[in-house]
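Notes for the one structure printed next.
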Protein chains: 2
Amino acid sequence: MASQRRRFGHLPEVPVGTWFANRQGACDAGVHRQTVGGIVGTAKYGAESIVLSGGYEDDEDHGAFVIYTGQGGQDPTTKRQIADQDIFAPRNASLITSQMLNQPVRVVRGAHRASPYGPRTGYRYDGCFLVRSHWVKTRDDGFKVIQYRLEQTAVQPEIVDPDLPEPAYATTTVVRRIRDSAMASAVKELYRNQCQACGRVLSFHGGRTYAEGAHIRPLGRPHLGPDTTSNILCLCPNHHAQLDGGGLVIEEDGELVDTMTQQSLGRLRIDPSHDVDPEFLAYHRGMFT
Amino acid sequence: MASQRRRFGHLPEVPVGTWFANRQGACDAGVHRQTVGGIVGTAKYGAESIVLSGGYEDDEDHGAFVIYTGQGGQDPTTKRQIADQDIFAPRNASLITSQMLNQPVRVVRGAHRASPYGPRTGYRYDGCFLVRSHWVKTRDDGFKVIQYRLEQTAVQPEIVDPDLPEPAYATTTVVRRIRDSAMASAVKELYRNQCQACGRVLSFHGGRTYAEGAHIRPLGRPHLGPDTTSNILCLCPNHHAQLDGGGLVIEEDGELVDTMTQQSLGRLRIDPSHDVDPEFLAYHRGMFT
């Protein structure tokens with residue numbers, strides 16, 4: 001049962017922290033426009049909102065960020081996982097679209113035992129989050145589920161002031177690394193900003209060259225990859241985006257494989273002094289296959 | 001007169017808001033390790049800190065972000081601009097390094113009439129900012145100065161807790177657009193995510209393709225470019241980074257020019273229905289030449 005029209009981001013008429021006795025209330029307010037289903041969204045336009053209510057044991061609620069599990073593969077009666085989740089299912093795909101568009105997703109928390117951050121009863125609108133990454137998790141029972149890391153944006157609503165010549169901006173609080181580590185700098189220096197995937201060196205104004213230090217096994221939860229040179233590659237922004245977005249994986253022998261076409265994109269350049277750890281490459285492959 | 005050793009980011013022993021009677025006090029505290037000069041930094045490691053004290057009439061202080069002008073070209077006695085600034089001068093280059101490394105820069109505000117955000121007297125440490133962009137401004141008198149847009153990060157110090165398995169993160173508040181505009185989405189859709197500069201289509205996990213909507217004349221102050229399709233290109237992350245970083249400019253006929261080598265990188269692909277405005281291309285060229 002869906003209400004009203006599609007809207008993304010913070011709804012000015014619904015303050016962050018608004019409480020609802022039940023799903024119908026959140027639906028009527030336009031915050032989460034369905035009374036069943038954890039995700040409202042489409043593959044084309046992205047996800048409008050999600051509900052965190054403890055339906056998946058793989059979910060983790062850390063307050064400022066959450067690890068959210070996609071839909072599907074559960075037995076409707078027992079709620080046990082009995083099949084893999086499908087990344088092309090529209091709701092699951094919608095959260096990837098939100099990631100690619102950097103588009104805010106409204107988050108509603110429901111009361112449940114597993115989360116100290118939920119309300120004691122009912123449901124609460126907790127503001128907007130951004131989908132920072134997604135991956136495939138292979139559970140201990142062997143079934144594959146899609147997971148997303150969403151990070152909270154500020155509790156402030158968007159600043160939309162028609163009297164300002166500046167386009168509408170929003171203040172958003174994000175948890176992020178605020179600098180390249182010494183490890184990442186060392187790897188970029190070793191390769192003099194040459195991309196290890198394609199060999200390109202990007203030029204920048206002022207006679208500079210530019211590259212990025214890309215962690216193979218991601219740093220954040222739940223991956224907790226280490227910040228060591230053995231887990232960092234020097235990549236151009238294109239190959240960094242593809243690595244993080246799962247568009248390419250790297251075989252143990254350094255072959256770069258496009259996960260969409262399964263074709264080879266060449267071979268990783270590795271300096272003899274760079275101790276890239278095959279274990280991290282295997283972890284990354286596991287995230288996207 | 002420099003004190004102590006090079007340190008980047010927030011200094012745990014100096015709370016945000018700490019006041020100093022004079023430059024010597026800020027220097028002794030290690031916040032800005034020189035008693036003369038607005039920028040402390042090197043081209044290799046980046047800028048440690050800047051002082052905003054009204055020395056350049058081209059500076060703008062907007063509180064959460066500042067437009068800061070580089071060093072040089074002023075008559076030492078009259079303080080009038082008498083020459084172009086040099087982007088290769090070490091202090092000016094240091095802020096570009098900070099931009100490329102996404103490395104926080106400490107900001108000290110001095111008392112001066114032009115800024116409502118400074119202290120009434122003396123100097124105050126106002127926390128860390130990130131250098132988001134830089135460009136060349138041609139002043140009304142014809143002289144060129146280097147400018148930087150710095151945006152404030154959170155007043156919270158870094159969270160460095162050795163008991164956490166997660167690497168050290170910081171909470172940072174940034175002013176940013178939190179979604180692609182409908183205009184940017186329309187341009188990306190028109191080109192089906194094919195980069196207008198190189199023709200590449202980047203693949204992403206889940207059968208997706210990825211591109212970015214790049215504004216030619218930047219949206220933020222002081223540029224205030226419009227959010228219209230005539231000011232947006234569909235680019236891969238590499239060419240988006242190069243466009244924003246001034247590594248490439250686009251001639252009126254669509255020729256892509258590498259600003260470092262002055263060589264042609266090919267020609268912009270433009271769909272007949274895409275009304276790219278030559279005025280915005282000219283504005284962008286003016287930012288980096």
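Ordering of the structure tokens sets the chain letters (A, B, ...), residue numbers begin anew at 1 in every chain, and ligands are numbered from 1 in the order given.
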If you run DSSP over the backbone, which residues in segment 66-223 of chain B end up helix (DSSP H, G or I)? Put them as a VMD selection string. chain B and resid 90 to 101 182 to 190
Go ahead and save the residues from that selection, with N, CA, C and O atoms, as an mmCIF file, in the first residue's frame.
```
data_model
loop_
_atom_site.group_PDB
_atom_site.id
_atom_site.type_symbol
_atom_site.label_atom_id
_atom_site.label_comp_id
_atom_site.auth_asym_id
_atom_site.auth_seq_id
_atom_site.Cartn_x
_atom_site.Cartn_y
_atom_site.Cartn_z
ATOM 1 N N PRO B 90 56.406 28.018 -3.277
ATOM 2 C CA PRO B 90 56.170 26.888 -2.350
ATOM 3 C C PRO B 90 54.905 27.021 -1.497
ATOM 4 O O PRO B 90 54.174 26.047 -1.319
ATOM 5 N N ARG B 91 54.638 28.248 -0.967
ATOM 6 C CA ARG B 91 53.465 28.378 -0.094
ATOM 7 C C ARG B 91 52.180 28.188 -0.903
ATOM 8 O O ARG B 91 51.240 27.551 -0.442
ATOM 9 N N ASN B 92 52.131 28.791 -2.091
ATOM 10 C CA ASN B 92 50.941 28.637 -2.930
ATOM 11 C C ASN B 92 50.763 27.176 -3.344
ATOM 12 O O ASN B 92 49.657 26.638 -3.341
ATOM 13 N N ALA B 93 51.873 26.540 -3.696
ATOM 14 C CA ALA B 93 51.819 25.135 -4.110
ATOM 15 C C ALA B 93 51.378 24.244 -2.946
ATOM 16 O O ALA B 93 50.716 23.222 -3.149
ATOM 17 N N SER B 94 51.728 24.647 -1.724
ATOM 18 C CA SER B 94 51.416 23.786 -0.574
ATOM 19 C C SER B 94 49.903 23.596 -0.418
ATOM 20 O O SER B 94 49.442 22.517 -0.040
ATOM 21 N N LEU B 95 49.128 24.637 -0.722
ATOM 22 C CA LEU B 95 47.680 24.507 -0.565
ATOM 23 C C LEU B 95 47.081 23.623 -1.660
ATOM 24 O O LEU B 95 46.046 22.982 -1.453
ATOM 25 N N ILE B 96 47.719 23.580 -2.829
ATOM 26 C CA ILE B 96 47.253 22.656 -3.875
ATOM 27 C C ILE B 96 47.562 21.224 -3.461
ATOM 28 O O ILE B 96 46.754 20.312 -3.656
ATOM 29 N N THR B 97 48.725 21.027 -2.849
ATOM 30 C CA THR B 97 49.055 19.692 -2.338
ATOM 31 C C THR B 97 48.014 19.255 -1.313
ATOM 32 O O THR B 97 47.544 18.112 -1.333
ATOM 33 N N SER B 98 47.623 20.171 -0.416
ATOM 34 C CA SER B 98 46.598 19.833 0.577
ATOM 35 C C SER B 98 45.286 19.451 -0.097
ATOM 36 O O SER B 98 44.591 18.529 0.342
ATOM 37 N N GLN B 99 44.936 20.169 -1.172
ATOM 38 C CA GLN B 99 43.717 19.827 -1.926
ATOM 39 C C GLN B 99 43.822 18.415 -2.492
ATOM 40 O O GLN B 99 42.900 17.609 -2.354
ATOM 41 N N MET B 100 44.964 18.109 -3.105
ATOM 42 C CA MET B 100 45.113 16.805 -3.750
ATOM 43 C C MET B 100 45.133 15.675 -2.733
ATOM 44 O O MET B 100 44.703 14.569 -3.026
ATOM 45 N N LEU B 101 45.659 15.953 -1.529
ATOM 46 C CA LEU B 101 45.741 14.917 -0.496
ATOM 47 C C LEU B 101 44.497 14.891 0.387
ATOM 48 O O LEU B 101 44.377 14.030 1.245
ATOM 49 N N ALA B 182 18.525 17.197 -10.849
ATOM 50 C CA ALA B 182 17.793 16.619 -11.977
ATOM 51 C C ALA B 182 18.503 16.963 -13.281
ATOM 52 O O ALA B 182 18.510 16.167 -14.232
ATOM 53 N N MET B 183 19.119 18.133 -13.325
ATOM 54 C CA MET B 183 19.849 18.555 -14.527
ATOM 55 C C MET B 183 21.029 17.626 -14.804
ATOM 56 O O MET B 183 21.237 17.191 -15.926
ATOM 57 N N ALA B 184 21.818 17.339 -13.757
ATOM 58 C CA ALA B 184 22.966 16.450 -13.924
ATOM 59 C C ALA B 184 22.502 15.060 -14.348
ATOM 60 O O ALA B 184 23.104 14.432 -15.226
ATOM 61 N N SER B 185 21.425 14.585 -13.739
ATOM 62 C CA SER B 185 20.904 13.266 -14.115
ATOM 63 C C SER B 185 20.480 13.248 -15.576
ATOM 64 O O SER B 185 20.702 12.265 -16.291
ATOM 65 N N ALA B 186 19.864 14.341 -16.033
ATOM 66 C CA ALA B 186 19.395 14.394 -17.425
ATOM 67 C C ALA B 186 20.571 14.314 -18.388
ATOM 68 O O ALA B 186 20.507 13.613 -19.413
ATOM 69 N N VAL B 187 21.662 15.004 -18.060
ATOM 70 C CA VAL B 187 22.826 14.984 -18.954
ATOM 71 C C VAL B 187 23.439 13.582 -18.987
ATOM 72 O O VAL B 187 23.774 13.053 -20.052
ATOM 73 N N LYS B 188 23.557 12.955 -17.788
ATOM 74 C CA LYS B 188 24.134 11.609 -17.765
ATOM 75 C C LYS B 188 23.255 10.621 -18.528
ATOM 76 O O LYS B 188 23.749 9.712 -19.196
ATOM 77 N N GLU B 189 21.955 10.825 -18.435
ATOM 78 C CA GLU B 189 21.036 9.936 -19.149
ATOM 79 C C GLU B 189 21.167 10.122 -20.664
ATOM 80 O O GLU B 189 21.168 9.157 -21.429
ATOM 81 N N LEU B 190 21.298 11.367 -21.082
ATOM 82 C CA LEU B 190 21.434 11.654 -22.519
ATOM 83 C C LEU B 190 22.614 10.898 -23.116
ATOM 84 O O LEU B 190 22.538 10.362 -24.221
#
```
Would you mind listing what lies within 10 Å of Val257 of chain B as number ranges by chain, with only C-alpha atoms counted and same-chain residues fewer than 4 positions away left out? B: 247-251, 261-267, 285
Contacts of segment 48-59 of chain A at 9 Å or less, counting only C-alpha atoms, minus same-chain residues fewer than 3 places along, as a PyMOL selection string? chain A and resi 6-9+31-33+37-42+45+66-71+79+94-95+98+103-115+118+123+128+139+145+147
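For the atom pair formed by atom CA of Val36 of chain B and atom CA of Phe88 of chain B, the distance is 19.9 Å, given to one decimal.
Within 8 Å of His215 of chain B, once only C-alpha atoms are used and residues closer than 2 positions along the same chain are dropped, the contacting residues are Gly213, Arg217, Pro218, Leu219, Gly225, Asp227, Asn231, Ile232 and Leu233 of chain B.
Atom to atom, atom CA of Tyr148 of chain A and atom CA of Asp84 of chain A stand 15.7 Å apart.
Across the model, the gap from atom CA of Gln4 of chain A to atom CA of Ala43 of chain A is 18.9 Å.
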Do a neighbour search on His205 of chain B at 10 Å with only C-alpha atoms, toss out local chain neighbours closer than 4 positions, and write the hits as an mmCIF file with all heavy atoms, in the first residue's frame.
```cif
data_model
loop_
_atom_site.group_PDB
_atom_site.id
_atom_site.type_symbol
_atom_site.label_atom_id
_atom_site.label_comp_id
_atom_site.auth_asym_id
_atom_site.auth_seq_id
_atom_site.Cartn_x
_atom_site.Cartn_y
_atom_site.Cartn_z
ATOM 1 N N ILE A 87 20.893 -9.243 -6.798
ATOM 2 C CA ILE A 87 21.306 -7.845 -6.881
ATOM 3 C C ILE A 87 20.481 -7.075 -7.909
ATOM 4 O O ILE A 87 20.449 -5.842 -7.897
ATOM 5 C CB ILE A 87 22.814 -7.765 -7.190
ATOM 6 C CG1 ILE A 87 23.346 -6.384 -6.828
ATOM 7 C CG2 ILE A 87 23.106 -8.099 -8.645
ATOM 8 C CD1 ILE A 87 24.839 -6.332 -6.785
ATOM 9 N N ILE A 96 21.721 0.577 -4.769
ATOM 10 C CA ILE A 96 22.955 0.793 -5.549
ATOM 11 C C ILE A 96 22.821 2.072 -6.373
ATOM 12 O O ILE A 96 23.767 2.857 -6.494
ATOM 13 C CB ILE A 96 23.260 -0.427 -6.435
ATOM 14 C CG1 ILE A 96 23.467 -1.670 -5.561
ATOM 15 C CG2 ILE A 96 24.490 -0.174 -7.298
ATOM 16 C CD1 ILE A 96 23.736 -2.944 -6.333
ATOM 17 N N HIS A 134 28.557 -0.991 -1.168
ATOM 18 C CA HIS A 134 27.766 -2.218 -1.101
ATOM 19 C C HIS A 134 28.659 -3.375 -1.490
ATOM 20 O O HIS A 134 29.710 -3.188 -2.099
ATOM 21 C CB HIS A 134 26.540 -2.134 -2.020
ATOM 22 C CG HIS A 134 26.868 -2.403 -3.450
ATOM 23 N ND1 HIS A 134 27.271 -1.431 -4.325
ATOM 24 C CD2 HIS A 134 26.884 -3.566 -4.160
ATOM 25 C CE1 HIS A 134 27.508 -1.954 -5.508
ATOM 26 N NE2 HIS A 134 27.297 -3.248 -5.440
ATOM 27 N N TRP A 135 28.251 -4.581 -1.119
ATOM 28 C CA TRP A 135 29.029 -5.774 -1.417
ATOM 29 C C TRP A 135 28.139 -6.981 -1.228
ATOM 30 O O TRP A 135 27.016 -6.864 -0.742
ATOM 31 C CB TRP A 135 30.261 -5.857 -0.494
ATOM 32 C CG TRP A 135 29.901 -5.929 0.961
ATOM 33 C CD1 TRP A 135 29.690 -7.051 1.709
ATOM 34 C CD2 TRP A 135 29.648 -4.807 1.838
ATOM 35 N NE1 TRP A 135 29.324 -6.692 2.993
ATOM 36 C CE2 TRP A 135 29.293 -5.338 3.094
ATOM 37 C CE3 TRP A 135 29.682 -3.423 1.669
ATOM 38 C CZ2 TRP A 135 28.979 -4.513 4.183
ATOM 39 C CZ3 TRP A 135 29.373 -2.612 2.753
ATOM 40 C CH2 TRP A 135 29.027 -3.164 3.992
ATOM 41 N N GLN A 242 35.992 2.007 -9.923
ATOM 42 C CA GLN A 242 35.623 0.651 -10.359
ATOM 43 C C GLN A 242 35.959 -0.397 -9.310
ATOM 44 O O GLN A 242 35.201 -1.347 -9.104
ATOM 45 C CB GLN A 242 36.320 0.312 -11.677
ATOM 46 C CG GLN A 242 35.600 0.904 -12.888
ATOM 47 C CD GLN A 242 36.018 0.210 -14.162
ATOM 48 O OE1 GLN A 242 37.143 0.367 -14.614
ATOM 49 N NE2 GLN A 242 35.121 -0.572 -14.751
ATOM 50 N N LEU A 243 37.110 -0.225 -8.641
ATOM 51 C CA LEU A 243 37.490 -1.172 -7.584
ATOM 52 C C LEU A 243 36.488 -1.103 -6.430
ATOM 53 O O LEU A 243 35.959 -2.122 -5.979
ATOM 54 C CB LEU A 243 38.899 -0.850 -7.072
ATOM 55 C CG LEU A 243 39.474 -1.838 -6.052
ATOM 56 C CD1 LEU A 243 40.057 -3.051 -6.764
ATOM 57 C CD2 LEU A 243 40.564 -1.184 -5.189
ATOM 58 N N ASP A 244 36.203 0.117 -5.962
ATOM 59 C CA ASP A 244 35.272 0.278 -4.841
ATOM 60 C C ASP A 244 33.861 -0.138 -5.233
ATOM 61 O O ASP A 244 33.105 -0.640 -4.398
ATOM 62 C CB ASP A 244 35.247 1.740 -4.365
ATOM 63 C CG ASP A 244 36.471 2.114 -3.554
ATOM 64 O OD1 ASP A 244 37.317 1.226 -3.322
ATOM 65 O OD2 ASP A 244 36.580 3.279 -3.162
ATOM 66 N N GLY A 245 33.486 0.122 -6.473
ATOM 67 C CA GLY A 245 32.131 -0.179 -6.923
ATOM 68 C C GLY A 245 31.970 -1.596 -7.434
ATOM 69 O O GLY A 245 30.884 -1.970 -7.886
ATOM 70 N N GLY A 246 33.027 -2.383 -7.372
ATOM 71 C CA GLY A 246 32.924 -3.777 -7.775
ATOM 72 C C GLY A 246 32.865 -3.983 -9.277
ATOM 73 O O GLY A 246 32.512 -5.064 -9.740
ATOM 74 N N GLY A 247 33.221 -2.968 -10.046
ATOM 75 C CA GLY A 247 33.237 -3.127 -11.502
ATOM 76 C C GLY A 247 34.434 -3.918 -11.975
ATOM 77 O O GLY A 247 34.439 -4.447 -13.084
ATOM 78 N N LEU A 248 35.449 -4.001 -11.125
ATOM 79 C CA LEU A 248 36.591 -4.845 -11.467
ATOM 80 C C LEU A 248 37.052 -5.583 -10.223
ATOM 81 O O LEU A 248 36.943 -5.076 -9.098
ATOM 82 C CB LEU A 248 37.732 -4.037 -12.094
ATOM 83 C CG LEU A 248 38.605 -3.114 -11.269
ATOM 84 C CD1 LEU A 248 39.740 -3.867 -10.554
ATOM 85 C CD2 LEU A 248 39.252 -2.086 -12.189
ATOM 86 N N VAL A 249 37.532 -6.774 -10.442
ATOM 87 C CA VAL A 249 38.194 -7.546 -9.384
ATOM 88 C C VAL A 249 39.568 -7.943 -9.907
ATOM 89 O O VAL A 249 39.834 -7.864 -11.114
ATOM 90 C CB VAL A 249 37.383 -8.799 -8.972
ATOM 91 C CG1 VAL A 249 36.069 -8.395 -8.305
ATOM 92 C CG2 VAL A 249 37.150 -9.715 -10.153
ATOM 93 N N ASP A 258 36.896 -7.345 -15.583
ATOM 94 C CA ASP A 258 35.660 -6.561 -15.570
ATOM 95 C C ASP A 258 34.533 -7.498 -15.133
ATOM 96 O O ASP A 258 34.259 -8.502 -15.791
ATOM 97 C CB ASP A 258 35.411 -6.016 -16.980
ATOM 98 C CG ASP A 258 34.198 -5.099 -17.044
ATOM 99 O OD1 ASP A 258 33.126 -5.492 -16.529
ATOM 100 O OD2 ASP A 258 34.316 -4.004 -17.614
ATOM 101 N N THR A 259 33.879 -7.170 -14.005
ATOM 102 C CA THR A 259 32.883 -8.110 -13.469
ATOM 103 C C THR A 259 31.614 -8.135 -14.308
ATOM 104 O O THR A 259 30.811 -9.054 -14.170
ATOM 105 C CB THR A 259 32.501 -7.741 -12.014
ATOM 106 O OG1 THR A 259 32.057 -6.382 -11.971
ATOM 107 C CG2 THR A 259 33.672 -7.927 -11.079
ATOM 108 N N MET A 260 31.408 -7.148 -15.169
ATOM 109 C CA MET A 260 30.202 -7.128 -15.995
ATOM 110 C C MET A 260 30.401 -8.009 -17.214
ATOM 111 O O MET A 260 29.563 -8.816 -17.553
ATOM 112 C CB MET A 260 29.868 -5.699 -16.403
ATOM 113 C CG MET A 260 28.473 -5.550 -16.930
ATOM 114 S SD MET A 260 27.774 -3.930 -16.555
ATOM 115 C CE MET A 260 28.470 -2.891 -17.824
ATOM 116 N N MET A 287 33.781 -9.981 -2.279
ATOM 117 C CA MET A 287 32.758 -8.950 -2.078
ATOM 118 C C MET A 287 31.871 -8.773 -3.306
ATOM 119 O O MET A 287 30.778 -8.206 -3.210
ATOM 120 C CB MET A 287 33.423 -7.597 -1.765
ATOM 121 C CG MET A 287 34.063 -7.494 -0.392
ATOM 122 S SD MET A 287 34.985 -5.923 -0.206
ATOM 123 C CE MET A 287 33.647 -4.712 -0.340
ATOM 124 N N PHE A 288 32.362 -9.189 -4.453
ATOM 125 C CA PHE A 288 31.632 -8.859 -5.680
ATOM 126 C C PHE A 288 31.401 -10.055 -6.586
ATOM 127 O O PHE A 288 31.073 -9.892 -7.756
ATOM 128 C CB PHE A 288 32.368 -7.745 -6.437
ATOM 129 C CG PHE A 288 32.420 -6.468 -5.642
ATOM 130 C CD1 PHE A 288 33.608 -6.013 -5.095
ATOM 131 C CD2 PHE A 288 31.260 -5.740 -5.410
ATOM 132 C CE1 PHE A 288 33.645 -4.851 -4.336
ATOM 133 C CE2 PHE A 288 31.291 -4.582 -4.652
ATOM 134 C CZ PHE A 288 32.480 -4.134 -4.114
ATOM 135 N N THR A 289 31.574 -11.256 -6.040
ATOM 136 C CA THR A 289 31.305 -12.434 -6.872
ATOM 137 C C THR A 289 30.549 -13.481 -6.065
ATOM 138 O O THR A 289 30.512 -13.433 -4.843
ATOM 139 C CB THR A 289 32.626 -13.061 -7.392
ATOM 140 O OG1 THR A 289 33.533 -13.207 -6.297
ATOM 141 C CG2 THR A 289 33.237 -12.183 -8.462
ATOM 142 N N THR B 209 26.434 1.059 -15.089
ATOM 143 C CA THR B 209 27.508 1.896 -15.597
ATOM 144 C C THR B 209 27.531 3.167 -14.764
ATOM 145 O O THR B 209 26.539 3.523 -14.127
ATOM 146 C CB THR B 209 27.315 2.243 -17.077
ATOM 147 O OG1 THR B 209 26.063 2.927 -17.234
ATOM 148 C CG2 THR B 209 27.306 0.975 -17.927
ATOM 149 N N TYR B 210 28.664 3.843 -14.773
ATOM 150 C CA TYR B 210 28.846 4.975 -13.864
ATOM 151 C C TYR B 210 29.490 6.151 -14.584
ATOM 152 O O TYR B 210 30.429 5.985 -15.361
ATOM 153 C CB TYR B 210 29.740 4.546 -12.692
ATOM 154 C CG TYR B 210 29.993 5.636 -11.692
ATOM 155 C CD1 TYR B 210 28.990 6.022 -10.808
ATOM 156 C CD2 TYR B 210 31.217 6.299 -11.648
ATOM 157 C CE1 TYR B 210 29.210 7.041 -9.893
ATOM 158 C CE2 TYR B 210 31.445 7.312 -10.729
ATOM 159 C CZ TYR B 210 30.444 7.674 -9.857
ATOM 160 O OH TYR B 210 30.658 8.683 -8.946
#
```
